[in-house]
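Asker: I'm passing along target20.pdb; it holds PDB, C-alpha atoms.
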ATOM      1  CA  MET A1054      21.298 -15.142  -2.136
ATOM      2  CA  THR A1055      22.301 -14.980  -5.751
ATOM      3  CA  VAL A1056      21.790 -12.208  -8.238
ATOM      4  CA  ALA A1057      22.459 -13.149 -11.838
ATOM      5  CA  THR A1058      22.303 -10.565 -14.579
ATOM      6  CA  GLY A1059      21.807 -10.536 -18.299
ATOM      7  CA  THR A1060      21.633  -7.332 -20.266
ATOM      8  CA  GLU A1061      20.800  -6.089 -23.718
ATOM      9  CA  GLY A1062      23.426  -3.419 -24.200
ATOM     10  CA  ARG A1063      23.141  -2.055 -20.661
ATOM     11  CA  PRO A1064      25.946  -2.308 -18.168
ATOM     12  CA  PRO A1065      25.097  -4.543 -15.228
ATOM     13  CA  PRO A1066      24.059  -2.812 -12.014
ATOM     14  CA  PRO A1067      26.935  -2.096  -9.633
ATOM     15  CA  ASP A1068      28.062  -5.063  -7.588
ATOM     16  CA  HIS A1069      26.865  -4.604  -4.027
ATOM     17  CA  GLY A1070      28.289  -7.830  -2.683
ATOM     18  CA  TYR A1071      26.039 -10.112  -4.728
ATOM     19  CA  THR A1072      27.405 -12.893  -6.828
ATOM     20  CA  ARG A1073      26.451 -12.953 -10.458
ATOM     21  CA  ASP A1074      26.630 -16.691 -10.966
ATOM     22  CA  ARG A1075      23.515 -18.844 -11.221
ATOM     23  CA  THR A1076      24.296 -21.036  -8.225
ATOM     24  CA  PRO A1077      21.843 -20.337  -5.410
ATOM     25  CA  ARG A1078      23.552 -19.932  -2.069
ATOM     26  CA  THR A1079      22.168 -20.711   1.339
ATOM     27  CA  ARG A1080      22.746 -18.327   4.190
ATOM     28  CA  HIS A1081      22.264 -19.480   7.753
ATOM     29  CA  GLU A1082      20.464 -17.074  10.053
ATOM     30  CA  GLY A1083      20.142 -18.496  13.559
ATOM     31  CA  THR A1084      18.846 -22.029  13.162
ATOM     32  CA  SER A1085      16.895 -21.576   9.940
ATOM     33  CA  GLU A1086      18.167 -21.698   6.384
ATOM     34  CA  ILE A1087      17.302 -18.862   4.051
ATOM     35  CA  ASP A1088      17.235 -19.643   0.326
ATOM     36  CA  LEU A1089      16.522 -16.784  -2.028
ATOM     37  CA  THR A1090      17.608 -16.176  -5.593
ATOM     38  CA  VAL A1091      17.097 -12.958  -7.533
ATOM     39  CA  ARG A1092      17.958 -13.057 -11.236
ATOM     40  CA  SER A1093      18.033  -9.986 -13.405
ATOM     41  CA  SER A1094      17.553  -9.712 -17.159
ATOM     42  CA  VAL A1095      16.562  -6.962 -19.583
ATOM     43  CA  VAL A1096      13.847  -7.404 -22.207
ATOM     44  CA  ASP A1097      12.392  -4.605 -24.334
ATOM     45  CA  GLY A1098      13.848  -1.945 -22.036
ATOM     46  CA  TRP A1099      12.326  -3.477 -18.893
ATOM     47  CA  THR A1100      14.501  -5.017 -16.205
ATOM     48  CA  ILE A1101      13.015  -8.282 -15.003
ATOM     49  CA  LEU A1102      13.881  -9.272 -11.441
ATOM     50  CA  SER A1103      12.913 -12.923 -11.030
ATOM     51  CA  VAL A1104      12.618 -13.913  -7.381
ATOM     52  CA  GLU A1105      12.800 -17.533  -6.234
ATOM     53  CA  GLY A1106      12.107 -18.435  -2.615
ATOM     54  CA  GLU A1107      10.142 -17.105   0.314
ATOM     55  CA  VAL A1108       9.982 -13.331   0.724
ATOM     56  CA  ASP A1109       9.706 -12.526   4.411
ATOM     57  CA  LEU A1110      11.294 -10.456   7.160
ATOM     58  CA  TYR A1111      14.687 -12.089   6.590
ATOM     59  CA  THR A1112      14.779 -12.170   2.784
ATOM     60  CA  ALA A1113      12.851  -9.032   1.786
ATOM     61  CA  PRO A1114      15.928  -6.795   2.265
ATOM     62  CA  ALA A1115      17.783  -8.812  -0.381
ATOM     63  CA  VAL A1116      14.940  -8.262  -2.865
ATOM     64  CA  ARG A1117      14.914  -4.548  -1.988
ATOM     65  CA  ASP A1118      18.696  -4.317  -2.410
ATOM     66  CA  ALA A1119      18.560  -5.986  -5.841
ATOM     67  CA  ALA A1120      15.841  -3.560  -6.967
ATOM     68  CA  LEU A1121      17.705  -0.557  -5.571
ATOM     69  CA  ALA A1122      20.934  -1.643  -7.267
ATOM     70  CA  ALA A1123      19.084  -1.812 -10.584
ATOM     71  CA  MET A1124      17.510   1.623 -10.029
ATOM     72  CA  GLU A1125      20.858   3.151  -9.041
ATOM     73  CA  SER A1126      22.252   1.977 -12.384
ATOM     74  CA  GLY A1127      19.558   3.973 -14.201
ATOM     75  CA  VAL A1128      16.823   1.369 -14.550
ATOM     76  CA  ASP A1129      13.369   2.938 -14.309
ATOM     77  CA  HIS A1130      11.066   0.184 -15.610
ATOM     78  CA  VAL A1131      10.997  -3.021 -13.558
ATOM     79  CA  VAL A1132       9.015  -6.236 -13.774
ATOM     80  CA  LEU A1133       9.126  -8.064 -10.449
ATOM     81  CA  ASP A1134       8.514 -11.742 -11.233
ATOM     82  CA  LEU A1135       7.088 -13.509  -8.175
ATOM     83  CA  THR A1136       6.123 -16.712 -10.014
ATOM     84  CA  ALA A1137       8.521 -18.831  -7.916
ATOM     85  CA  VAL A1138       7.593 -17.243  -4.563
ATOM     86  CA  PRO A1139       5.644 -19.766  -2.440
ATOM     87  CA  PHE A1140       5.252 -17.376   0.522
ATOM     88  CA  MET A1141       5.308 -13.630   1.034
ATOM     89  CA  ASP A1142       4.531 -11.601   4.151
ATOM     90  CA  SER A1143       4.056  -7.890   4.812
ATOM     91  CA  SER A1144       7.817  -7.323   4.501
ATOM     92  CA  GLY A1145       7.552  -8.315   0.857
ATOM     93  CA  LEU A1146       4.619  -5.947   0.393
ATOM     94  CA  GLY A1147       6.711  -3.164   1.905
ATOM     95  CA  VAL A1148       9.471  -3.791  -0.642
ATOM     96  CA  ILE A1149       6.964  -3.726  -3.507
ATOM     97  CA  VAL A1150       5.409  -0.451  -2.345
ATOM     98  CA  ALA A1151       8.827   1.162  -1.790
ATOM     99  CA  CYS A1152       9.983   0.110  -5.273
ATOM    100  CA  LEU A1153       6.768   1.380  -6.843
ATOM    101  CA  LYS A1154       7.119   4.734  -5.113
ATOM    102  CA  GLN A1155      10.758   5.208  -6.085
ATOM    103  CA  LEU A1156      10.235   4.119  -9.690
ATOM    104  CA  ARG A1157       7.284   6.460 -10.147
ATOM    105  CA  GLU A1158       9.280   9.337  -8.649
ATOM    106  CA  MET A1159      11.906   8.598 -11.324
ATOM    107  CA  GLY A1160       9.241   8.685 -14.033
ATOM    108  CA  GLY A1161       9.305   4.905 -14.368
ATOM    109  CA  ASP A1162       6.968   2.093 -13.464
ATOM    110  CA  LEU A1163       6.662  -1.302 -11.818
ATOM    111  CA  ALA A1164       4.746  -4.348 -13.002
ATOM    112  CA  LEU A1165       4.287  -7.544 -11.024
ATOM    113  CA  VAL A1166       4.092 -11.117 -12.254
ATOM    114  CA  SER A1167       2.255 -13.510  -9.981
ATOM    115  CA  PRO A1168      -0.021 -16.397 -11.033
ATOM    116  CA  PRO A1169      -3.695 -15.903 -10.109
ATOM    117  CA  SER A1170      -3.909 -18.433  -7.267
ATOM    118  CA  SER A1171      -0.428 -17.895  -5.820
ATOM    119  CA  PRO A1172       0.195 -16.688  -2.243
ATOM    120  CA  PRO A1173       1.611 -13.309  -3.384
ATOM    121  CA  THR A1174      -1.481 -12.678  -5.540
ATOM    122  CA  LYS A1175      -3.776 -13.538  -2.636
ATOM    123  CA  LEU A1176      -1.864 -11.163  -0.355
ATOM    124  CA  LEU A1177      -1.965  -8.367  -2.939
ATOM    125  CA  SER A1178      -5.705  -8.899  -3.310
ATOM    126  CA  LEU A1179      -6.347  -8.902   0.451
ATOM    127  CA  THR A1180      -4.543  -5.581   0.829
ATOM    128  CA  GLY A1181      -6.007  -3.965  -2.289
ATOM    129  CA  LEU A1182      -2.582  -3.473  -3.860
ATOM    130  CA  ASP A1183      -3.663  -5.506  -6.872
ATOM    131  CA  HIS A1184      -5.650  -2.417  -7.949
ATOM    132  CA  ALA A1185      -2.690  -0.047  -7.519
ATOM    133  CA  ILE A1186       0.032  -2.125  -9.194
ATOM    134  CA  PRO A1187      -0.375  -3.833 -12.571
ATOM    135  CA  THR A1188      -0.252  -7.584 -11.877
ATOM    136  CA  HIS A1189       0.056 -10.200 -14.616
ATOM    137  CA  ALA A1190       0.014 -13.995 -14.754
ATOM    138  CA  THR A1191       3.195 -14.291 -16.842
ATOM    139  CA  VAL A1192       6.237 -12.214 -17.769
ATOM    140  CA  ASP A1193       5.092 -12.296 -21.407
ATOM    141  CA  ASP A1194       1.713 -10.813 -20.360
ATOM    142  CA  ALA A1195       3.454  -8.085 -18.371
ATOM    143  CA  LEU A1196       5.753  -7.155 -21.258
ATOM    144  CA  ALA A1197       2.873  -7.225 -23.764
ATOM    145  CA  ASP A1198       0.889  -4.848 -21.548
ATOM    146  CA  THR A1199       3.787  -2.393 -21.383
ATOM    147  CA  ARG A1200       4.089  -2.008 -25.163
TER     148      ARG A1200
END
Translate this structure into structure tokens?
Answerer:
Amino acid sequence: MTVATGTEGRPPPPDHGYTRDRTPRTRHEGTSEIDLTVRSSVVDGWTILSVEGEVDLYTAPAVRDAALAAMESGVDHVVLDLTAVPFMDSSGLGVIVACLKQLREMGGDLALVSPPSSPPTKLLSLTGLDHAIPTHATVDDALADTR
């Protein structure tokens, strides 16, 4: 799992064992390979966490850890970009709900980016979370809606 950061005047979140290069790494868990990349950037005061790969029982903790690391560094407005997520299960939903709860307790907010016909969007719709969390087709749409 790789976490790459780019900031606009903010210090990067504390390093919690993640690499900050852009080279995705593969971790072997049993007999299956787990590929997940989380990149972080800051635009207009919002931290964008771009997730690439499947978000499931094995990878959801890495997404949660990246979000928590950002929040621990003082970030309170997060865009979670799920554009490059071909699969997400209930573990991913749990991470989204936990992030939303913590950010709102901090006085911040969470926005999601997921194309209309993507698996994460379908899952959010099936569970009704699409009504509770602002969901946008692109990062630009999400940032425009936050202004």
Asker: On this structure, which residues satisfy the PyMOL selection byres ((chain A and resi 1134-1146) around 10), written as a ChimeraX atom specification?
Answerer: /A:1089-1093,1101-1114,1116-1117,1131-1133,1147-1152,1164-1169,1171-1177,1180,1182,1188-1192,1195
Asker: Please measure the separation of CA of Arg1200 (chain A) and CA of Asp1097 (chain A), giving the value in Å to one decimal.
Answerer: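 Spanning CA of Arg1200 (chain A) to CA of Asp1097 (chain A) is a straight-line distance of 8.7 Å.
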Asker: How many Å lie between CA of Asp1194 (chain A) and CA of Ala1123 (chain A), rounded to one decimal?
Answerer: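 Answer for the CA of Asp1194 (chain A) to CA of Ala1123 (chain A) separation: 21.9 Å.
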Asker: Quote the spacing between CA of Asp1129 (chain A) and CA of Met1159 (chain A) in Å to one decimal place.
Answerer: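 Separation between CA of Asp1129 (chain A) and CA of Met1159 (chain A): 6.6 Å.
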Asker: Rank A:Ala1115, A:Leu1163, A:Leu1121, A:Leu1156 by their smallest atom-to-atom distance to Leu1196 (chain A), using all atoms listed in the file, and report the top residue only.
Answerer: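 For Leu1196 (chain A), the nearest of the candidates is A:Leu1163.
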Asker: Quick one: what's the axis-aligned box for region 1139-1152 of chain A, all listed atoms, 3 Å on every side, centre and edges in Å to one decimal, as lines of an AutoDock Vina configuration file?
Answerer:
center_x = 7.0
center_y = -9.3
center_z = -0.2
size_x = 11.9
size_y = 26.9
size_z = 16.1
Asker: Determine the nearest neighbour of Gly1160 (chain A) from the options A:Leu1179, A:Pro1187, A:Asp1088, A:Met1124, counting all atoms listed in the file.
Answerer: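 Looking at the shortest contact to Gly1160 (chain A), the residue is A:Met1124.
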